[in-house]
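Structure file final11.pdb (PDB, C-alpha atoms) follows.
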```
ATOM      1  CA  MET A   1     -13.057  -2.819  15.909  1.00  0.00           C
ATOM      2  CA  GLY A   2     -11.394  -5.879  17.505  1.00  0.00           C
ATOM      3  CA  ASP A   3      -8.196  -6.740  19.380  1.00  0.00           C
ATOM      4  CA  VAL A   4      -4.767  -5.531  18.314  1.00  0.00           C
ATOM      5  CA  SER A   5      -2.121  -8.230  17.971  1.00  0.00           C
ATOM      6  CA  ILE A   6       1.597  -7.709  17.551  1.00  0.00           C
ATOM      7  CA  ARG A   7       3.864 -10.173  15.802  1.00  0.00           C
ATOM      8  CA  PRO A   8       6.920 -10.337  13.570  1.00  0.00           C
ATOM      9  CA  ALA A   9       5.989  -9.686   9.953  1.00  0.00           C
ATOM     10  CA  GLU A  10       5.824 -12.433   7.379  1.00  0.00           C
ATOM     11  CA  GLN A  11       6.600 -12.103   3.673  1.00  0.00           C
ATOM     12  CA  ALA A  12       2.890 -12.576   2.899  1.00  0.00           C
ATOM     13  CA  ASP A  13       2.229  -9.308   4.798  1.00  0.00           C
ATOM     14  CA  LEU A  14       4.141  -7.146   2.313  1.00  0.00           C
ATOM     15  CA  ALA A  15       1.221  -6.060   0.120  1.00  0.00           C
ATOM     16  CA  ALA A  16      -0.986  -5.113   3.089  1.00  0.00           C
ATOM     17  CA  LEU A  17       1.822  -3.223   4.852  1.00  0.00           C
ATOM     18  CA  ALA A  18       2.671  -1.283   1.691  1.00  0.00           C
ATOM     19  CA  GLU A  19      -0.986  -0.483   1.031  1.00  0.00           C
ATOM     20  CA  ILE A  20      -1.780   0.793   4.535  1.00  0.00           C
ATOM     21  CA  LEU A  21       1.567   2.195   5.709  1.00  0.00           C
ATOM     22  CA  GLY A  22       3.123   3.007   2.314  1.00  0.00           C
ATOM     23  CA  ASP A  23       6.728   2.836   1.115  1.00  0.00           C
ATOM     24  CA  ARG A  24       6.859  -0.652  -0.362  1.00  0.00           C
ATOM     25  CA  GLY A  25      10.608  -0.302  -0.937  1.00  0.00           C
ATOM     26  CA  PHE A  26      11.209   0.220   2.788  1.00  0.00           C
ATOM     27  CA  PHE A  27       9.253  -2.908   3.680  1.00  0.00           C
ATOM     28  CA  GLU A  28      10.940  -4.965   0.936  1.00  0.00           C
ATOM     29  CA  ASP A  29      14.323  -3.935   2.337  1.00  0.00           C
ATOM     30  CA  ARG A  30      13.314  -4.823   5.889  1.00  0.00           C
ATOM     31  CA  PHE A  31      11.980  -8.232   4.810  1.00  0.00           C
ATOM     32  CA  THR A  32      15.298  -8.936   3.078  1.00  0.00           C
ATOM     33  CA  ARG A  33      17.225  -7.933   6.209  1.00  0.00           C
ATOM     34  CA  GLN A  34      14.892  -9.952   8.451  1.00  0.00           C
ATOM     35  CA  ALA A  35      15.374 -13.061   6.269  1.00  0.00           C
ATOM     36  CA  LYS A  36      19.143 -12.696   6.808  1.00  0.00           C
ATOM     37  CA  GLY A  37      18.721 -12.404  10.594  1.00  0.00           C
ATOM     38  CA  LEU A  38      19.738  -8.739  10.589  1.00  0.00           C
ATOM     39  CA  GLY A  39      16.574  -7.454  12.261  1.00  0.00           C
ATOM     40  CA  VAL A  40      12.940  -8.058  13.082  1.00  0.00           C
ATOM     41  CA  LEU A  41       9.978  -6.198  11.624  1.00  0.00           C
ATOM     42  CA  PHE A  42       7.265  -6.120  14.293  1.00  0.00           C
ATOM     43  CA  THR A  43       3.750  -5.383  13.066  1.00  0.00           C
ATOM     44  CA  ALA A  44       0.504  -4.456  14.804  1.00  0.00           C
ATOM     45  CA  TRP A  45      -2.711  -5.868  13.351  1.00  0.00           C
ATOM     46  CA  CYS A  46      -6.362  -5.107  13.878  1.00  0.00           C
ATOM     47  CA  SER A  47      -8.140  -8.143  12.445  1.00  0.00           C
ATOM     48  CA  ALA A  48      -6.519  -8.632   9.023  1.00  0.00           C
ATOM     49  CA  ARG A  49      -5.408  -4.989   8.662  1.00  0.00           C
ATOM     50  CA  PRO A  50      -1.938  -3.747   9.620  1.00  0.00           C
ATOM     51  CA  VAL A  51      -2.111  -0.651  11.819  1.00  0.00           C
ATOM     52  CA  GLY A  52       1.539  -0.177  12.741  1.00  0.00           C
ATOM     53  CA  ALA A  53       5.110  -1.378  12.482  1.00  0.00           C
ATOM     54  CA  VAL A  54       8.563  -0.908  13.974  1.00  0.00           C
ATOM     55  CA  TYR A  55      11.826  -2.383  12.761  1.00  0.00           C
ATOM     56  CA  LEU A  56      14.404  -3.658  15.230  1.00  0.00           C
ATOM     57  CA  TRP A  57      17.791  -3.071  13.588  1.00  0.00           C
ATOM     58  CA  LEU A  58      20.254  -5.727  14.838  1.00  0.00           C
ATOM     59  CA  GLU A  59      23.162  -4.689  12.596  1.00  0.00           C
ATOM     60  CA  ASP A  60      25.827  -2.149  13.518  1.00  0.00           C
ATOM     61  CA  ALA A  61      24.455   1.369  13.261  1.00  0.00           C
ATOM     62  CA  GLU A  62      24.980   3.064   9.914  1.00  0.00           C
ATOM     63  CA  GLU A  63      25.873   6.397  11.526  1.00  0.00           C
ATOM     64  CA  PRO A  64      29.536   6.481  12.678  1.00  0.00           C
ATOM     65  CA  PRO A  65      28.845   8.395  15.945  1.00  0.00           C
ATOM     66  CA  ILE A  66      26.188   5.875  17.008  1.00  0.00           C
ATOM     67  CA  ARG A  67      28.343   2.937  15.944  1.00  0.00           C
ATOM     68  CA  GLY A  68      31.277   4.416  17.897  1.00  0.00           C
ATOM     69  CA  HIS A  69      29.441   5.192  21.140  1.00  0.00           C
ATOM     70  CA  LEU A  70      26.953   2.296  21.080  1.00  0.00           C
ATOM     71  CA  PRO A  71      28.744  -0.606  19.363  1.00  0.00           C
ATOM     72  CA  GLY A  72      26.496  -3.607  18.881  1.00  0.00           C
ATOM     73  CA  VAL A  73      23.459  -1.914  20.458  1.00  0.00           C
ATOM     74  CA  PRO A  74      20.211  -2.740  18.607  1.00  0.00           C
ATOM     75  CA  LEU A  75      18.206   0.219  17.299  1.00  0.00           C
ATOM     76  CA  LEU A  76      14.467   0.679  17.045  1.00  0.00           C
ATOM     77  CA  ASN A  77      13.815   2.110  13.627  1.00  0.00           C
ATOM     78  CA  HIS A  78      10.911   3.592  11.692  1.00  0.00           C
ATOM     79  CA  LEU A  79       8.052   3.331  14.207  1.00  0.00           C
ATOM     80  CA  GLU A  80       4.835   4.031  12.348  1.00  0.00           C
ATOM     81  CA  VAL A  81       1.152   3.818  13.255  1.00  0.00           C
ATOM     82  CA  ALA A  82      -1.638   4.322  10.709  1.00  0.00           C
ATOM     83  CA  PRO A  83      -3.255   7.759  11.208  1.00  0.00           C
ATOM     84  CA  ASP A  84      -6.670   6.321  12.087  1.00  0.00           C
ATOM     85  CA  ALA A  85      -5.117   4.055  14.750  1.00  0.00           C
ATOM     86  CA  ARG A  86      -3.008   6.630  16.622  1.00  0.00           C
ATOM     87  CA  ASN A  87      -3.396   7.561  20.291  1.00  0.00           C
ATOM     88  CA  ARG A  88      -4.491   4.048  21.254  1.00  0.00           C
ATOM     89  CA  GLY A  89      -1.235   2.690  22.705  1.00  0.00           C
ATOM     90  CA  ILE A  90      -0.227   0.828  19.546  1.00  0.00           C
ATOM     91  CA  GLY A  91       3.118   2.626  19.154  1.00  0.00           C
ATOM     92  CA  ALA A  92       3.995   1.931  22.795  1.00  0.00           C
ATOM     93  CA  ALA A  93       2.975  -1.715  22.400  1.00  0.00           C
ATOM     94  CA  LEU A  94       5.210  -2.067  19.330  1.00  0.00           C
ATOM     95  CA  VAL A  95       8.174  -0.600  21.241  1.00  0.00           C
ATOM     96  CA  ARG A  96       7.519  -2.959  24.166  1.00  0.00           C
ATOM     97  CA  ALA A  97       7.382  -5.957  21.820  1.00  0.00           C
ATOM     98  CA  ALA A  98      10.798  -5.008  20.455  1.00  0.00           C
ATOM     99  CA  GLU A  99      12.124  -4.539  23.998  1.00  0.00           C
ATOM    100  CA  GLU A 100      10.781  -7.935  25.062  1.00  0.00           C
ATOM    101  CA  TYR A 101      12.569  -9.493  22.095  1.00  0.00           C
ATOM    102  CA  LEU A 102      15.814  -7.760  23.102  1.00  0.00           C
ATOM    103  CA  VAL A 103      15.560  -8.858  26.732  1.00  0.00           C
ATOM    104  CA  GLY A 104      14.760 -12.416  25.606  1.00  0.00           C
ATOM    105  CA  HIS A 105      17.885 -12.412  23.447  1.00  0.00           C
ATOM    106  CA  GLY A 106      20.193 -11.114  26.188  1.00  0.00           C
ATOM    107  CA  HIS A 107      20.510  -7.455  25.232  1.00  0.00           C
ATOM    108  CA  ALA A 108      21.018  -4.987  28.074  1.00  0.00           C
ATOM    109  CA  LEU A 109      20.497  -1.801  26.083  1.00  0.00           C
ATOM    110  CA  GLY A 110      18.283  -0.553  23.280  1.00  0.00           C
ATOM    111  CA  ALA A 111      18.532   2.730  21.397  1.00  0.00           C
ATOM    112  CA  LEU A 112      16.817   4.808  18.745  1.00  0.00           C
ATOM    113  CA  ALA A 113      17.224   8.046  16.872  1.00  0.00           C
ATOM    114  CA  VAL A 114      14.381  10.541  16.623  1.00  0.00           C
ATOM    115  CA  ARG A 115      14.359  13.687  14.501  1.00  0.00           C
ATOM    116  CA  THR A 116      14.875  16.826  16.558  1.00  0.00           C
ATOM    117  CA  ASP A 117      11.608  18.254  15.172  1.00  0.00           C
ATOM    118  CA  ASN A 118       9.560  15.149  16.048  1.00  0.00           C
ATOM    119  CA  THR A 119       8.611  16.196  19.564  1.00  0.00           C
ATOM    120  CA  ARG A 120       5.546  13.958  19.689  1.00  0.00           C
ATOM    121  CA  ALA A 121       7.590  10.792  19.094  1.00  0.00           C
ATOM    122  CA  ALA A 122      10.324  11.979  21.497  1.00  0.00           C
ATOM    123  CA  ARG A 123       7.680  12.459  24.193  1.00  0.00           C
ATOM    124  CA  LEU A 124       6.468   8.857  23.673  1.00  0.00           C
ATOM    125  CA  TYR A 125      10.000   7.449  23.878  1.00  0.00           C
ATOM    126  CA  ARG A 126      10.782   9.416  27.042  1.00  0.00           C
ATOM    127  CA  ARG A 127       7.537   8.208  28.599  1.00  0.00           C
ATOM    128  CA  LEU A 128       8.690   4.645  27.812  1.00  0.00           C
ATOM    129  CA  GLY A 129      11.978   5.202  29.661  1.00  0.00           C
ATOM    130  CA  TYR A 130      14.359   6.319  26.915  1.00  0.00           C
ATOM    131  CA  HIS A 131      16.769   9.151  27.720  1.00  0.00           C
ATOM    132  CA  ASP A 132      19.360  11.217  25.879  1.00  0.00           C
ATOM    133  CA  TRP A 133      22.605   9.379  25.288  1.00  0.00           C
ATOM    134  CA  GLY A 134      24.775  12.389  26.223  1.00  0.00           C
ATOM    135  CA  HIS A 135      26.787  12.769  22.998  1.00  0.00           C
ATOM    136  CA  GLY A 136      24.802  15.463  21.182  1.00  0.00           C
ATOM    137  CA  THR A 137      22.726  15.211  18.047  1.00  0.00           C
ATOM    138  CA  VAL A 138      23.606  13.041  15.051  1.00  0.00           C
ATOM    139  CA  VAL A 139      22.958  13.420  11.337  1.00  0.00           C
ATOM    140  CA  CYS A 140      20.961  10.406  10.168  1.00  0.00           C
ATOM    141  CA  TYR A 141      19.826   9.691   6.629  1.00  0.00           C
ATOM    142  CA  ALA A 142      16.328   8.705   5.597  1.00  0.00           C
ATOM    143  CA  GLU A 143      15.491   7.389   2.163  1.00  0.00           C
ATOM    144  CA  ARG A 144      12.585   9.172   0.528  1.00  0.00           C
ATOM    145  CA  VAL A 145      10.894   7.369  -2.336  1.00  0.00           C
ATOM    146  CA  PHE A 146       9.035   9.478  -4.879  1.00  0.00           C
ATOM    147  CA  PRO A 147       5.941   8.284  -6.777  1.00  0.00           C
ATOM    148  CA  ASP A 148       8.060   7.815  -9.912  1.00  0.00           C
ATOM    149  CA  GLY A 149      10.336   5.387  -8.031  1.00  0.00           C
ATOM    150  CA  ARG A 150      13.296   7.736  -7.549  1.00  0.00           C
ATOM    151  CA  THR A 151      14.982   7.428  -4.170  1.00  0.00           C
ATOM    152  CA  VAL A 152      16.721  10.321  -2.459  1.00  0.00           C
ATOM    153  CA  SER A 153      18.707  10.163   0.764  1.00  0.00           C
ATOM    154  CA  GLU A 154      17.810  13.083   3.031  1.00  0.00           C
ATOM    155  CA  ALA A 155      19.819  14.238   6.037  1.00  0.00           C
ATOM    156  CA  GLU A 156      17.941  14.535   9.326  1.00  0.00           C
ATOM    157  CA  ARG A 157      19.294  15.916  12.586  1.00  0.00           C
ATOM    158  CA  CYS A 158      18.384  13.433  15.342  1.00  0.00           C
ATOM    159  CA  HIS A 159      18.503  12.961  19.081  1.00  0.00           C
ATOM    160  CA  VAL A 160      19.778   9.547  20.128  1.00  0.00           C
ATOM    161  CA  LEU A 161      17.897   8.004  23.040  1.00  0.00           C
ATOM    162  CA  VAL A 162      18.879   4.895  25.003  1.00  0.00           C
ATOM    163  CA  LYS A 163      17.240   2.588  27.509  1.00  0.00           C
ATOM    164  CA  ARG A 164      18.755   0.021  29.863  1.00  0.00           C
ATOM    165  CA  LEU A 165      16.551  -3.028  29.568  1.00  0.00           C
ATOM    166  CA  PRO A 166      17.133  -5.387  32.534  1.00  0.00           C
ATOM    167  CA  ASP A 167      16.415  -2.754  35.193  1.00  0.00           C
ATOM    168  CA  ASP A 168      13.153  -1.621  33.654  1.00  0.00           C
ATOM    169  CA  ARG A 169      11.957  -4.693  31.800  1.00  0.00           C
ATOM    170  CA  PRO A 170       8.614  -3.866  30.181  1.00  0.00           C
ATOM    171  CA  ALA A 171       5.450  -5.230  31.693  1.00  0.00           C
ATOM    172  CA  PRO A 172       3.608  -7.893  29.676  1.00  0.00           C
ATOM    173  CA  LEU A 173       1.678  -6.407  26.797  1.00  0.00           C
ATOM    174  CA  ALA A 174      -1.794  -5.387  27.815  1.00  0.00           C
ATOM    175  CA  SER A 175      -4.622  -6.480  25.602  1.00  0.00           C
ATOM    176  CA  ARG A 176      -5.753  -3.540  23.505  1.00  0.00           C
ATOM    177  CA  THR A 177      -8.651  -3.167  21.177  1.00  0.00           C
ATOM    178  CA  CYS A 178      -8.494  -1.318  17.896  1.00  0.00           C
ATOM    179  CA  GLY A 179     -11.065   1.200  19.081  1.00  0.00           C
ATOM    180  CA  GLU A 180      -9.543   1.979  22.534  1.00  0.00           C
ATOM    181  CA  ARG A 181      -8.197   5.408  23.268  1.00  0.00           C
TER
END
```
For this file, write the structure as structure tokens.
Amino acid sequence: MGDVSIRPAEQADLAALAEILGDRGFFEDRFTRQAKGLGVLFTAWCSARPVGAVYLWLEDAEEPPIRGHLPGVPLLNHLEVAPDARNRGIGAALVRAAEEYLVGHGHALGALAVRTDNTRAARLYRRLGYHDWGHGTVVCYAERVFPDGRTVSEAERCHVLVKRLPDDRPAPLASRTCGER
């Protein structure tokens, strides 16, 4: 299938990201934030097709408990890999790209929130060195967009996981191919 490359998204990527990964409104919002320097949308590509994305939130956390316990700590947000590209290391490579960005910009800590029922994602994050922050679960809100364009904010109970970056700086990204498992 070809090599997988990871890079920050560009505005010209919007249509392809929305087509393959869905939720155009989410990507429009992240492009707006990225243009203001509030975050970075990292994307994984196989040839000219997006196969994954993760957003690095550089603003203060929206959730008061996270903002209070982890002030100024960047958050990995909305990691997604296309169903036909899963189990090939693309999600891990996206997380490592975000971590490399953080280390390169002087951040010592990264964090993320994962739904308590998303055990598969939690297992990936723990394998990558993330651990529980020690302050219990947090209610986070996800925006759900319906086909008719309505948006509803839904509460999700989440674990917050953190990782110290300088002590366990990620290894350089390994070259992956779209077809590797």
Residues of segment 47-124 of chain A at most 8 Å from segment 143-159 of chain A: nearest atom pair and distance in Å, all atoms listed in the file, as JSON lines:
```
{"residue": "A:Ala113", "atom": "CA", "partner": "A:His159", "partner_atom": "CA", "distance": 5.5}
{"residue": "A:Val114", "atom": "CA", "partner": "A:Cys158", "partner_atom": "CA", "distance": 5.1}
{"residue": "A:Arg115", "atom": "CA", "partner": "A:Cys158", "partner_atom": "CA", "distance": 4.1}
{"residue": "A:Thr116", "atom": "CA", "partner": "A:Cys158", "partner_atom": "CA", "distance": 5.0}
```
The PyMOL selection byres ((chain A and resi 48) around 12) resolved against shown file, as JSON, numbers by chain: {"A": [1, 2, 3, 4, 5, 6, 12, 13, 16, 17, 20, 43, 44, 45, 46, 47, 49, 50, 51, 178]}
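Closest approach to Arg127 of chain A among A:Ala53, A:Leu161, A:Leu14, A:Val139: A:Leu161, based on all atoms listed in the file.
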Distance criterion (only C-alpha atoms): nearest to His107 of chain A out of A:Tyr141, A:Val54, A:Asn87, A:Pro166: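 Nearest to His107 of chain A: A:Pro166.
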Between atom CA of Leu70 of chain A and atom CA of Phe42 of chain A, distance in Å (one decimal):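 Spanning atom CA of Leu70 of chain A to atom CA of Phe42 of chain A is a straight-line distance of 22.5 Å.
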Ref. answer, residues at most 12 Å from (11.2, -5.4, 21.4) with only C-alpha atoms, as a VMD selection string: chain A and resid 6 to 8 39 to 43 53 to 58 74 to 77 79 91 to 112 163 165 169 to 173
Pairwise distance for atom CA of Phe26 of chain A and atom CA of Gly89 of chain A, rounded to one decimal in Å: 23.6 Å
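Considering the residues A:Leu124, A:Leu38, A:Leu21, A:Val138 and counting all atoms listed in the file, Gly72 of chain A has its shortest atom-to-atom contact with A:Leu38.
Between atom CA of Gln11 of chain A and atom CA of Phe31 of chain A lies a distance of 6.7 Å.
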Ground truth for the PyMOL selection byres ((chain A and resi 135) around 10), written as number ranges by chain: A: 65-66, 69, 132-134, 136-138, 159-160
The selected residues should be written to file as an mmCIF file, in the frame of the given file (atoms: C-alpha atoms).
```cif
data_model
loop_
_atom_site.group_PDB
_atom_site.id
_atom_site.type_symbol
_atom_site.label_atom_id
_atom_site.label_comp_id
_atom_site.auth_asym_id
_atom_site.auth_seq_id
_atom_site.Cartn_x
_atom_site.Cartn_y
_atom_site.Cartn_z
ATOM 1 C CA PRO A 65 28.845 8.395 15.945
ATOM 2 C CA ILE A 66 26.188 5.875 17.008
ATOM 3 C CA HIS A 69 29.441 5.192 21.140
ATOM 4 C CA ASP A 132 19.360 11.217 25.879
ATOM 5 C CA TRP A 133 22.605 9.379 25.288
ATOM 6 C CA GLY A 134 24.775 12.389 26.223
ATOM 7 C CA GLY A 136 24.802 15.463 21.182
ATOM 8 C CA THR A 137 22.726 15.211 18.047
ATOM 9 C CA VAL A 138 23.606 13.041 15.051
ATOM 10 C CA HIS A 159 18.503 12.961 19.081
ATOM 11 C CA VAL A 160 19.778 9.547 20.128
#
```
Which residue of A:Gly52, A:Glu59, A:Ala18, A:Glu80 approaches Gly37 of chain A most closely, using all atoms listed in the file: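 The closest residue to Gly37 of chain A is A:Glu59.
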